[in-house]
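Okay, so here's the structure we're looking at.
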Amino acid sequence: MHSGSQCARNGYTSRWYHLSCGEHFCNECFDHYYRSHKDGYETFSSWKRVWTSNGKSEPSLKAFMADQELPYWVQCTKADCGKWRQLSKDTHLSATLASSYRCGMKLNSSKVEGSDACSQPEDLRVAGVTDSWWLSMLILPPLFKDSPATPFLSCYYPDCVGMSPSASPSNHPPGNQRPEQRRAAQPHIPGLAPYFQPFYQPNECGKALCVRPDMMELDELYEFPEFSRDPTMYLALRNLVLAAWSRDCKEVLTLQKCAPHVIVRGLVRVRCVQELDRVLYFMSRKGLINTGALQIKWPLLPESQHNKVLVIGAGAAGLAAARQLQNFGMQVVVLEARERIGGRVWDDASLGVTVGCGAQIVNGCVNNPIALMCEQLGLRMHTLGVRCELIQEGGRVTDTALDKRMDFHFNAVLDAVSEWRKDKSQSQDAPLGGETHVSACSWDHNECFAQFSGDHTLLTDGYSSVLHKLAQELDIRLSTAVQHVDYSGEGVTVTSRCGSRWSAQKVLVTVPLALLQKNIIGFSPPLPDRKLKAIHSLGAGVIEKVALQFPTRFWDSKIQGADYFGHIPPCPEKRGLFSVFYDMCPQGDECVLMTVVTGEALSLLRDLQDSQVVDLCMSVLRELFQEQEVPDPLRFLVTRWSRDPWAQMSYSFVKTGGSGEAYDIIAEDVQGKLFFAGEATNRHFPQTVTGAYLSGVREASKIAAL
């Protein structure tokens, strides 16, 4: 490296300063910048002021030389070349140049100097960079410039998140405050979907699927142990990738798209691009990027192409796993007992609007994969408001102050339960209330994990619009009820009720918990006792829905545009009976209300015909709106999930005497051949389509890793 007119170049100097294996600077260059009477001193001092203002690491002369004086290296983009070339010291590398560079290119134009430029040998130092020992000889970690992650991380010290502090102060918020002085709020990034928040801001916590940009996660440390001592290079690459994916989740993120954004001087750029390929592979396998409803044209993990996987069940978990595995490059066959896909997702449009007979609400959209897929597919989500009038039978609207007071007392009771359970063992557990089987010790077992934040939304077109996109181009065999799974041999053999057989290296079971509890599918050998105990320690809860289409929106004058209103039952026996009514088209012309029946109130419906259920619901509505005439419904629908042979439930919960650990145990694979997914295998997000989907992504990652 030559920095001044007195540079020793490759001749004699009293001392060489090492930066990497193949990159050094001489004592004369040191003096040129470090001595106050030398010409380069002011350049170094000016850089030092900016570095100190923005960063946390030492503004040493070595850091200056690495950040400002080393030449850039760039790779030829010609398909049959790919050689690395050193640019002149004064040539600045941009993403545009990196994505179009060809050997011999004149940098003031797009012309190439000679047709044989690619035939020139590559610098011998490049080969050494790819060796495993090269990193250990690197004096300073790489700090990127102009990273796509920069706008996301303005509240962090750049050098703590893999970026150079030498960026112009104009890139920072007004006042040029130091990072710790800036308000740790989510930055506004033009064009970014509001629900994409991949990074925690300083002092922020408890947000699902969010990472600390200045710290490696446990699974990252396991995959990349070489970065445990100094994670800077890994963090720089991971943060770049996550930011790039958040900015554009509609296209596959590839090495060719990401590598040009690795802007760092020196030979270390060669190593960064090499490591970037590994980071992309890992993050794709984990479902952190290149996931959702993307249609992949070529395998993300090409070495997986010879593996065959059978997926039992075409609900959210099964479809998520099958889509991931097929995108990885595996052969996947999905076996579904029903005549349709979706499982406990089933949408009905007979009332003029889409009504989710199963799930339809997204609880917390920030970083939620359902919100991601809606962004990918251009699907609408209606944000649910917070206002909910509570109406008593007789038509009186509950005073807001009374509502808040009751809410306070309810939370106080839960706080008392939390205190009570602190010194209780599983054997001392008790029901949370009444005759319920819900555990008082573990009713909120997943609250200790980060949950999804942000808006609660209604999927206007239903979850089916998402799942049908996931199912596109998958090999799905409908009306194929699996009867037996034999994993006693080297592979796994699956037999259907009609006698058809399939063989594969691995099988993923995604059927509802209730079917596992009732042994609808036989296993040879039987499932481990530990797993069977966990399966039976969870409960299978039911939610039924009633939807009614009316000739008029009679509720409008009382509800005044709210998305839903509550019904206060007249007695404890009716708690859970039509407790809330959702307006399925609050800003539109359709006149459809949907309500739910939960808990012990389900017993009131068990022996009723659908028309009788509707009559019972109408009697409640007429009590709530006594001041006006409530018309008869034009059409209706009533769900019967408890009678559905392939569901027999709506959601899982921890029974008295159980614990949240059961979810993890059910999720454990058996002999590396038999895998399990579904909402009842997701300890962090049970009872939701999101949880089911993520469990499928999780198992796809496990299968690919094995």
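Naming works like this for the structure tokens: A, B, ... for the chains as they're shown, residue 1 at the start of each chain, ligands 1 onward in shown order.
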Q.
Using only C-alpha atoms, which protein or nucleic acid residues come within 10 Å of Asp556 (chain A)? Drop anything in the same chain fewer than 6 positions from it, and give the result as number ranges by chain.
A. A: 562, 583, 586, 591
Deliver the residues from the most recent selection as a file, using N, CA and C atoms, as a PDB file, in the first residue's frame.
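Okay, out11.pdb is ready:
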ATOM      1  N   ALA A 562     -67.524   1.122  14.724  1.00  0.00           N
ATOM      2  CA  ALA A 562     -66.561   0.231  15.385  1.00  0.00           C
ATOM      3  C   ALA A 562     -66.505  -1.101  14.647  1.00  0.00           C
ATOM      4  N   ASP A 583     -68.232  -6.863  12.873  1.00  0.00           N
ATOM      5  CA  ASP A 583     -68.795  -6.335  11.635  1.00  0.00           C
ATOM      6  C   ASP A 583     -67.829  -6.716  10.521  1.00  0.00           C
ATOM      7  N   PRO A 586     -67.129  -3.160   7.961  1.00  0.00           N
ATOM      8  CA  PRO A 586     -67.501  -1.926   8.673  1.00  0.00           C
ATOM      9  C   PRO A 586     -67.513  -0.675   7.813  1.00  0.00           C
ATOM     10  N   CYS A 591     -73.923  -6.363   4.943  1.00  0.00           N
ATOM     11  CA  CYS A 591     -74.560  -6.363   6.273  1.00  0.00           C
ATOM     12  C   CYS A 591     -74.353  -7.726   6.919  1.00  0.00           C
TER      13      CYS A 591
END
Q: Compile the contact shell of Gly658 (chain A) as number ranges by chain: residues with an atom at most 12 Å away, counting only C-alpha atoms, same-chain residues fewer than 4 positions apart removed.
A: A: 425-431, 437-443, 445, 533-539, 653-654, 662-663
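Compared by their closest atoms to Ser100 (chain A), and using only C-alpha atoms, the residues A:His32, A:Lys469, A:Lys78, A:Arg229 rank with A:Lys78 nearest.
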Q: Can you pull out every residue within 12 Å of region 574-579 of chain A, counting only C-alpha atoms, but drop anything in the same chain fewer than 2 positions away, and send it as JSON, numbers by chain?
A: {"A": [388, 389, 390, 391, 392, 393, 434, 542, 543, 544, 545, 546, 547, 564, 565, 566, 567, 568, 569, 570, 571, 572, 581, 582, 593, 594, 595, 596, 597, 598, 599, 600, 601, 602, 603, 604, 605, 613, 614, 616, 617, 618, 619, 620, 621, 624]}
Q: Could you tell me, as an MDAnalysis selection string, which residues of region 330-516 of chain A DSSP assigns to strand (DSSP E or B) when given the backbone?
A: chainID A and resid 331:335 347:348 355:356 361:363 381:383 388:392 397 431 438:439 451 456:459 475:477 482:486 492:496 501:504 506:509
Q) Any idea what's packed within 10 Å of Leu694 (chain A), counting only C-alpha atoms, ignoring anything in its chain fewer than 4 positions away? Could you give it as JSON, numbers by chain? A) {"A": [287, 316, 317, 320, 321, 368, 369, 370, 677, 678, 679, 681, 682, 684, 685, 688, 689, 690, 698, 699, 700]}
Q.
I'd like the contact shell of region 126-135 of chain A - 12 Å cut-off, only C-alpha atoms, skipping same-chain residues fewer than 3 positions apart - returned as a PyMOL selection string.
A. chain A and resi 19-23+73-75+82-86+121-123+138-142+226-227+229-233+266-275
Q: Show which residues sit within 7 Å of region 500-516 of chain A, as a VMD selection string. Count only C-alpha atoms, and ignore same-chain residues fewer than 3 positions away.
A: chain A and resid 307 to 313 317 to 318 491 to 496 519 to 521 540 647 to 649 673 to 678 680
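By only C-alpha atoms, and with residues fewer than 3 positions from region 525-527 of chain A along its chain excluded, the set lying at most 7 Å from it is Asp486, Tyr487, Ser488, Lys531 and Leu532 of chain A.
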Q. With distances taken over only C-alpha atoms, which of A:Tyr101, A:Phe224, A:Trp51, A:Phe550 is nearest to Val279 (chain A)?
A.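 The answer is A:Phe224, which sits nearest to Val279 (chain A).
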Q: Write out as a PyMOL selection string all residues of region 390-452 of chain A that DSSP puts in helix (DSSP H, G or I) for this structure's backbone.
A: chain A and resi 400-423+426-428+445-448
Q) Between A:Glu419, A:Glu220, A:Asp67, A:Glu627, which has the minimum distance to Ser164 (chain A) (counting only C-alpha atoms)? A) A:Asp67
Q: State, in Å with one decimal place, the distance from CA of Leu335 (chain A) to CA of Ile665 (chain A).
A: 23.9 Å
Report as CSV the residues of region 240-309 of chain A within 7 Å of region 371-380 of chain A, each with its shortest atom pair and distance in Å (one decimal), using only C-alpha atoms, ordered by chain and increasing residue number.
residue,atom,partner,partner_atom,distance
A:Cys249,CA,A:Gln376,CA,6.5
A:Lys250,CA,A:Gln376,CA,5.3
A:Gly292,CA,A:Met373,CA,5.5
A:Ala293,CA,A:Met373,CA,5.8
Write a file of the selected residues as a compact mmCIF listing (two decimals), in the first residue's frame, keeping C-alpha atoms.
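Output below, filename selection.txt:
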# COMPACT_ATOMS: atom_id res chain seq x y z
CA CYS A 249 -39.41 -9.46 -0.11
CA LYS A 250 -40.97 -10.13 -3.50
CA GLY A 292 -43.30 -16.97 2.37
CA ALA A 293 -45.21 -17.22 -0.89
